[in-house]
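Q: Let me give you the structure first, and then I'll get to my questions.
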Amino acid sequence: MKMPIKLYSSKELYKLSFKKNPIFDYKKFESYMSLIFTVILTIIICIQVNSNLDNIGFIVSDTKNIILYASFGLLGMLGFIISGLAIISGTMSNKVTSNIIKEKKFQSVLAILYSFNYLGFLIGFFFVFYIIGYFVLSINVSFNAYIFVVYCSLAAYGLFFIVFYAVSLLKTCLDIFVINYMYSIEGEPNVSSGMNLTDVKIDAITKVLLDNKMINKELFIGHLKTLIDINVTDELQKKKLLKEVADYYSTE
């Protein structure tokens, strides 16, 4: 029987995945590294513009070439992200997905996969940003150094962030591989730690009965083993349950 899965909107997935927009979260590696390199590049651009005010056409021409190369590079990266996400999501079988849902980890996995979607959105946005800048620089208008530097800074930050964020997704790919292995193990997924609420309630009831001398511990364990022996027909499963009972109650 398949378990119902809610379809999330992009806005809902964004809220599940990020507490703060990654591009402005300067506590993260990709953000503060992008900011550092952008500041360095902006200083270099300012020096170039101030020292070549008589030959602005040369700077604009070089900038247009860089924008063009970066745009084609982003298109290639977008194709890689799309194919990578398709491969990663395709490797997760129905069994793995079912086990993830049982463990109530489905939203966490969606949040991990949404990182690829977010990067794809950024690539698309900055591709359009670069193309617009390319055509604006091609217009024969008076050169404004301030607007030029601001545009170059934003374009550089976007490119640096996309590169560093893509690098950080390599760790995400490893996480997906580990998750796929953990939840593909035969039987119940052994990925949760501690006891669930049902275990706690059953233990609490048993403890109350034992403490008030309403049942005998040895008698209780004996009845439990008898019920397993009567109701479980599969011998391997029966041995497994009897061993779990022996191991669990031997510690008490």
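FYI, nothing fancy with the structure tokens labels: chains A, B, ... in order, residues from 1 per chain, ligands from 1 as they appear.
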Counting only C-alpha atoms, which residues of segment 132-178 of chain A fall within 8 Å of segment 38-61 of chain A, and what is the closest atom pair for each with its distance in Å at one decimal, ordered by chain and rising number, as JSON lines?
A:
{"residue": "A:Leu137", "atom": "CA", "partner": "A:Val60", "partner_atom": "CA", "distance": 6.9}
{"residue": "A:Phe143", "atom": "CA", "partner": "A:Ile56", "partner_atom": "CA", "distance": 7.8}
{"residue": "A:Ala145", "atom": "CA", "partner": "A:Val49", "partner_atom": "CA", "distance": 7.3}
{"residue": "A:Val149", "atom": "CA", "partner": "A:Cys46", "partner_atom": "CA", "distance": 6.9}
{"residue": "A:Cys152", "atom": "CA", "partner": "A:Thr42", "partner_atom": "CA", "distance": 7.5}
{"residue": "A:Ser153", "atom": "CA", "partner": "A:Thr42", "partner_atom": "CA", "distance": 5.8}
{"residue": "A:Ala156", "atom": "CA", "partner": "A:Thr38", "partner_atom": "CA", "distance": 5.9}
{"residue": "A:Tyr157", "atom": "CA", "partner": "A:Thr38", "partner_atom": "CA", "distance": 5.4}
{"residue": "A:Phe160", "atom": "CA", "partner": "A:Thr38", "partner_atom": "CA", "distance": 7.6}
Q: One decimal, in Å: what's the spacing between atom CA of Ser93 of chain A and atom CA of Tyr8 of chain A?
A: 20.0 Å
Q: Which of these residues is nearest to Glu244 of chain A, using only C-alpha atoms: A:Phe37, A:Lys225, A:Asn99, A:Leu174?
A: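 With only C-alpha atoms as the atom set, the closest residue is A:Lys225.
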Q: Set the distance at 7 Å and use only C-alpha atoms: which residues neighbour Ser17 of chain A once local chain neighbours fewer than 3 positions away are removed? I'd like the list as a ChimeraX atom specification.
A: /A:13-14,111,114
Q: When you draw a straight line from atom CA of Tyr32 of chain A to atom CA of Asn117 of chain A, how long is it in Å?
A: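 Going from atom CA of Tyr32 of chain A over to atom CA of Asn117 of chain A covers 21.4 Å.
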Q: One decimal, Å: what's the distance from atom CA of Asp247 of chain A over to atom CA of Glu103 of chain A, could you say?
A: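 Between atom CA of Asp247 of chain A and atom CA of Glu103 of chain A the gap is 23.5 Å.
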Q: Find the spatial neighbours of segment 69-84 of chain A, counting only C-alpha atoms, within a cut-off of 8 Å - ignore same-chain residues fewer than 2 positions away - and output them as a ChimeraX atom specification.
A: /A:65-67,86-88,116,119-120,123-124,127,130-131,159
Q: Can you spit out the residues from that selection as a compact mmCIF listing (two decimals), in the first residue's frame, using all heavy atoms?
A:
# COMPACT_ATOMS: atom_id res chain seq x y z
N ASN A 65 33.04 40.36 -23.44
CA ASN A 65 33.55 39.01 -23.74
C ASN A 65 33.45 38.09 -22.52
O ASN A 65 33.05 36.93 -22.62
CB ASN A 65 35.00 39.09 -24.21
CG ASN A 65 35.13 39.69 -25.59
OD1 ASN A 65 34.19 39.62 -26.40
ND2 ASN A 65 36.26 40.30 -25.89
N ILE A 66 33.81 38.65 -21.35
CA ILE A 66 33.73 37.86 -20.12
C ILE A 66 32.28 37.47 -19.83
O ILE A 66 32.00 36.33 -19.45
CB ILE A 66 34.33 38.65 -18.94
CG1 ILE A 66 35.83 38.84 -19.14
CG2 ILE A 66 34.06 37.93 -17.62
CD1 ILE A 66 36.47 39.77 -18.12
N ILE A 67 31.35 38.43 -20.01
CA ILE A 67 29.93 38.16 -19.79
C ILE A 67 29.44 37.07 -20.73
O ILE A 67 28.69 36.15 -20.32
CB ILE A 67 29.10 39.45 -19.98
CG1 ILE A 67 29.37 40.43 -18.84
CG2 ILE A 67 27.61 39.13 -20.06
CD1 ILE A 67 28.71 41.78 -19.04
N ALA A 86 18.28 14.60 -11.90
CA ALA A 86 17.51 13.48 -12.44
C ALA A 86 18.14 12.14 -12.05
O ALA A 86 17.44 11.19 -11.69
CB ALA A 86 17.42 13.60 -13.96
N ILE A 87 19.47 12.08 -12.10
CA ILE A 87 20.16 10.83 -11.76
C ILE A 87 20.00 10.52 -10.27
O ILE A 87 19.71 9.39 -9.87
CB ILE A 87 21.66 10.93 -12.14
CG1 ILE A 87 21.80 10.97 -13.66
CG2 ILE A 87 22.44 9.75 -11.57
CD1 ILE A 87 23.22 11.28 -14.12
N ILE A 88 20.20 11.55 -9.42
CA ILE A 88 20.12 11.34 -7.97
C ILE A 88 18.73 10.92 -7.55
O ILE A 88 18.55 9.96 -6.78
CB ILE A 88 20.54 12.63 -7.22
CG1 ILE A 88 22.04 12.88 -7.40
CG2 ILE A 88 20.20 12.53 -5.74
CD1 ILE A 88 22.50 14.20 -6.84
N PHE A 116 19.36 21.75 -5.37
CA PHE A 116 19.64 21.72 -6.81
C PHE A 116 18.67 22.62 -7.56
O PHE A 116 19.06 23.32 -8.50
CB PHE A 116 19.55 20.29 -7.33
CG PHE A 116 20.63 19.38 -6.84
CD1 PHE A 116 20.50 18.69 -5.65
CD2 PHE A 116 21.81 19.23 -7.55
CE1 PHE A 116 21.49 17.85 -5.18
CE2 PHE A 116 22.83 18.40 -7.10
CZ PHE A 116 22.66 17.71 -5.91
N LEU A 119 19.74 26.21 -7.02
CA LEU A 119 20.90 26.57 -7.85
C LEU A 119 20.47 26.76 -9.31
O LEU A 119 20.95 27.69 -9.98
CB LEU A 119 21.97 25.48 -7.75
CG LEU A 119 23.24 25.74 -8.57
CD1 LEU A 119 23.92 27.03 -8.13
CD2 LEU A 119 24.21 24.57 -8.43
N GLY A 120 19.57 25.92 -9.79
CA GLY A 120 19.07 26.07 -11.16
C GLY A 120 18.37 27.40 -11.36
O GLY A 120 18.53 28.06 -12.40
N ILE A 123 21.04 30.13 -11.56
CA ILE A 123 21.71 30.11 -12.86
C ILE A 123 20.83 30.78 -13.91
O ILE A 123 21.31 31.59 -14.73
CB ILE A 123 22.04 28.66 -13.25
CG1 ILE A 123 23.14 28.11 -12.34
CG2 ILE A 123 22.48 28.59 -14.72
CD1 ILE A 123 23.43 26.63 -12.56
N GLY A 124 19.55 30.45 -13.92
CA GLY A 124 18.64 31.07 -14.89
C GLY A 124 18.54 32.58 -14.69
O GLY A 124 18.55 33.35 -15.67
N PHE A 127 21.85 34.25 -15.75
CA PHE A 127 22.02 34.17 -17.21
C PHE A 127 21.28 35.33 -17.88
O PHE A 127 21.83 36.01 -18.75
CB PHE A 127 21.48 32.83 -17.72
CG PHE A 127 21.51 32.71 -19.21
CD1 PHE A 127 22.69 32.45 -19.88
CD2 PHE A 127 20.34 32.88 -19.95
CE1 PHE A 127 22.71 32.35 -21.27
CE2 PHE A 127 20.35 32.78 -21.33
CZ PHE A 127 21.55 32.52 -21.99
N TYR A 130 23.10 38.60 -17.15
CA TYR A 130 24.29 38.79 -17.99
C TYR A 130 23.92 39.18 -19.41
O TYR A 130 24.56 40.06 -20.01
CB TYR A 130 25.13 37.50 -18.03
CG TYR A 130 25.77 37.13 -16.71
CD1 TYR A 130 26.11 35.82 -16.41
CD2 TYR A 130 26.02 38.10 -15.74
CE1 TYR A 130 26.70 35.48 -15.20
CE2 TYR A 130 26.59 37.77 -14.52
CZ TYR A 130 26.93 36.46 -14.26
OH TYR A 130 27.51 36.13 -13.06
N ILE A 131 22.88 38.54 -19.96
CA ILE A 131 22.48 38.85 -21.33
C ILE A 131 21.99 40.30 -21.44
O ILE A 131 22.32 41.03 -22.40
CB ILE A 131 21.37 37.88 -21.80
CG1 ILE A 131 21.93 36.46 -21.90
CG2 ILE A 131 20.79 38.32 -23.14
CD1 ILE A 131 23.09 36.31 -22.88
N LEU A 159 28.30 35.05 -10.06
CA LEU A 159 29.11 33.98 -10.65
C LEU A 159 29.91 33.22 -9.59
O LEU A 159 29.94 31.99 -9.58
CB LEU A 159 30.05 34.57 -11.70
CG LEU A 159 30.91 33.56 -12.46
CD1 LEU A 159 30.03 32.60 -13.25
CD2 LEU A 159 31.87 34.29 -13.40
Q: I'd like the neighbourhood of Asp175 of chain A as a compact mmCIF listing (two decimals) with all heavy atoms, in the first residue's frame, where a residue qualifies if any of its atoms comes within 12 Å (using only C-alpha atoms), though same-chain residues fewer than 3 positions away should be ignored.
A:
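Now in selection-v8.txt:
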# COMPACT_ATOMS: atom_id res chain seq x y z
N ILE A 88 20.20 11.55 -9.42
CA ILE A 88 20.12 11.34 -7.97
C ILE A 88 18.73 10.92 -7.55
O ILE A 88 18.55 9.96 -6.78
CB ILE A 88 20.54 12.63 -7.22
CG1 ILE A 88 22.04 12.88 -7.40
CG2 ILE A 88 20.20 12.53 -5.74
CD1 ILE A 88 22.50 14.20 -6.84
N SER A 108 12.93 16.25 4.96
CA SER A 108 14.36 16.51 5.04
C SER A 108 15.05 16.17 3.72
O SER A 108 15.93 16.92 3.26
CB SER A 108 14.99 15.69 6.17
OG SER A 108 14.41 16.03 7.42
N VAL A 109 14.65 15.07 3.11
CA VAL A 109 15.23 14.67 1.82
C VAL A 109 14.83 15.66 0.74
O VAL A 109 15.64 16.03 -0.11
CB VAL A 109 14.80 13.24 1.45
CG1 VAL A 109 15.29 12.87 0.06
CG2 VAL A 109 15.33 12.24 2.48
N ILE A 112 16.99 18.65 0.92
CA ILE A 112 18.31 18.43 0.34
C ILE A 112 18.25 18.53 -1.19
O ILE A 112 19.07 19.20 -1.82
CB ILE A 112 18.85 17.05 0.76
CG1 ILE A 112 19.13 17.02 2.27
CG2 ILE A 112 20.14 16.72 0.00
CD1 ILE A 112 19.51 15.66 2.78
N LEU A 113 17.25 17.89 -1.78
CA LEU A 113 17.12 17.91 -3.24
C LEU A 113 16.76 19.29 -3.76
O LEU A 113 17.12 19.65 -4.89
CB LEU A 113 16.07 16.89 -3.68
CG LEU A 113 16.40 15.42 -3.44
CD1 LEU A 113 15.22 14.53 -3.81
CD2 LEU A 113 17.64 15.01 -4.24
N SER A 168 29.66 23.11 -3.02
CA SER A 168 29.07 22.63 -1.76
C SER A 168 28.05 21.52 -2.00
O SER A 168 27.80 20.69 -1.13
CB SER A 168 28.41 23.79 -1.00
OG SER A 168 27.24 24.22 -1.66
N LEU A 169 27.45 21.49 -3.20
CA LEU A 169 26.48 20.44 -3.51
C LEU A 169 27.14 19.08 -3.69
O LEU A 169 26.44 18.05 -3.67
CB LEU A 169 25.69 20.80 -4.78
CG LEU A 169 24.61 21.87 -4.62
CD1 LEU A 169 23.85 22.03 -5.93
CD2 LEU A 169 23.64 21.51 -3.51
N LEU A 170 28.45 19.05 -3.86
CA LEU A 170 29.15 17.76 -3.93
C LEU A 170 28.97 17.01 -2.62
O LEU A 170 28.79 15.78 -2.60
CB LEU A 170 30.64 17.98 -4.22
CG LEU A 170 30.97 18.59 -5.58
CD1 LEU A 170 32.47 18.85 -5.68
CD2 LEU A 170 30.52 17.67 -6.70
N LYS A 171 29.01 17.74 -1.50
CA LYS A 171 28.75 17.12 -0.19
C LYS A 171 27.31 16.63 -0.12
O LYS A 171 27.03 15.57 0.45
CB LYS A 171 29.01 18.16 0.90
CG LYS A 171 28.57 17.76 2.31
CD LYS A 171 29.36 16.60 2.86
CE LYS A 171 29.14 16.40 4.36
NZ LYS A 171 27.73 16.30 4.76
N THR A 172 26.39 17.38 -0.73
CA THR A 172 24.99 16.96 -0.76
C THR A 172 24.82 15.65 -1.51
O THR A 172 24.04 14.79 -1.11
CB THR A 172 24.12 18.05 -1.41
OG1 THR A 172 24.27 19.27 -0.69
CG2 THR A 172 22.67 17.66 -1.44
N VAL A 178 24.53 8.25 1.01
CA VAL A 178 24.44 7.62 2.33
C VAL A 178 22.99 7.35 2.70
O VAL A 178 22.64 6.27 3.20
CB VAL A 178 25.11 8.52 3.40
CG1 VAL A 178 24.87 7.96 4.80
CG2 VAL A 178 26.61 8.64 3.13
N ILE A 179 22.11 8.33 2.46
CA ILE A 179 20.68 8.17 2.76
C ILE A 179 20.10 7.01 1.96
O ILE A 179 19.34 6.18 2.49
CB ILE A 179 19.92 9.47 2.47
CG1 ILE A 179 20.30 10.55 3.48
CG2 ILE A 179 18.41 9.24 2.47
CD1 ILE A 179 19.76 11.92 3.14
N ASN A 180 20.47 6.94 0.69
CA ASN A 180 19.97 5.87 -0.18
C ASN A 180 20.38 4.50 0.36
O ASN A 180 19.59 3.55 0.34
CB ASN A 180 20.51 6.06 -1.60
CG ASN A 180 19.73 5.26 -2.62
OD1 ASN A 180 18.55 5.01 -2.45
ND2 ASN A 180 20.40 4.84 -3.67
N TYR A 181 21.61 4.40 0.86
CA TYR A 181 22.08 3.12 1.42
C TYR A 181 21.37 2.80 2.73
O TYR A 181 20.91 1.67 2.94
CB TYR A 181 23.59 3.19 1.66
CG TYR A 181 24.11 2.00 2.44
CD1 TYR A 181 24.26 0.75 1.83
CD2 TYR A 181 24.41 2.12 3.80
CE1 TYR A 181 24.72 -0.34 2.55
CE2 TYR A 181 24.86 1.04 4.52
CZ TYR A 181 25.02 -0.20 3.89
OH TYR A 181 25.45 -1.27 4.61
N MET A 182 21.25 3.78 3.60
CA MET A 182 20.65 3.56 4.92
C MET A 182 19.22 3.05 4.82
O MET A 182 18.80 2.15 5.56
CB MET A 182 20.68 4.86 5.74
CG MET A 182 22.05 5.28 6.21
SD MET A 182 22.05 6.98 6.87
CE MET A 182 20.93 6.80 8.26
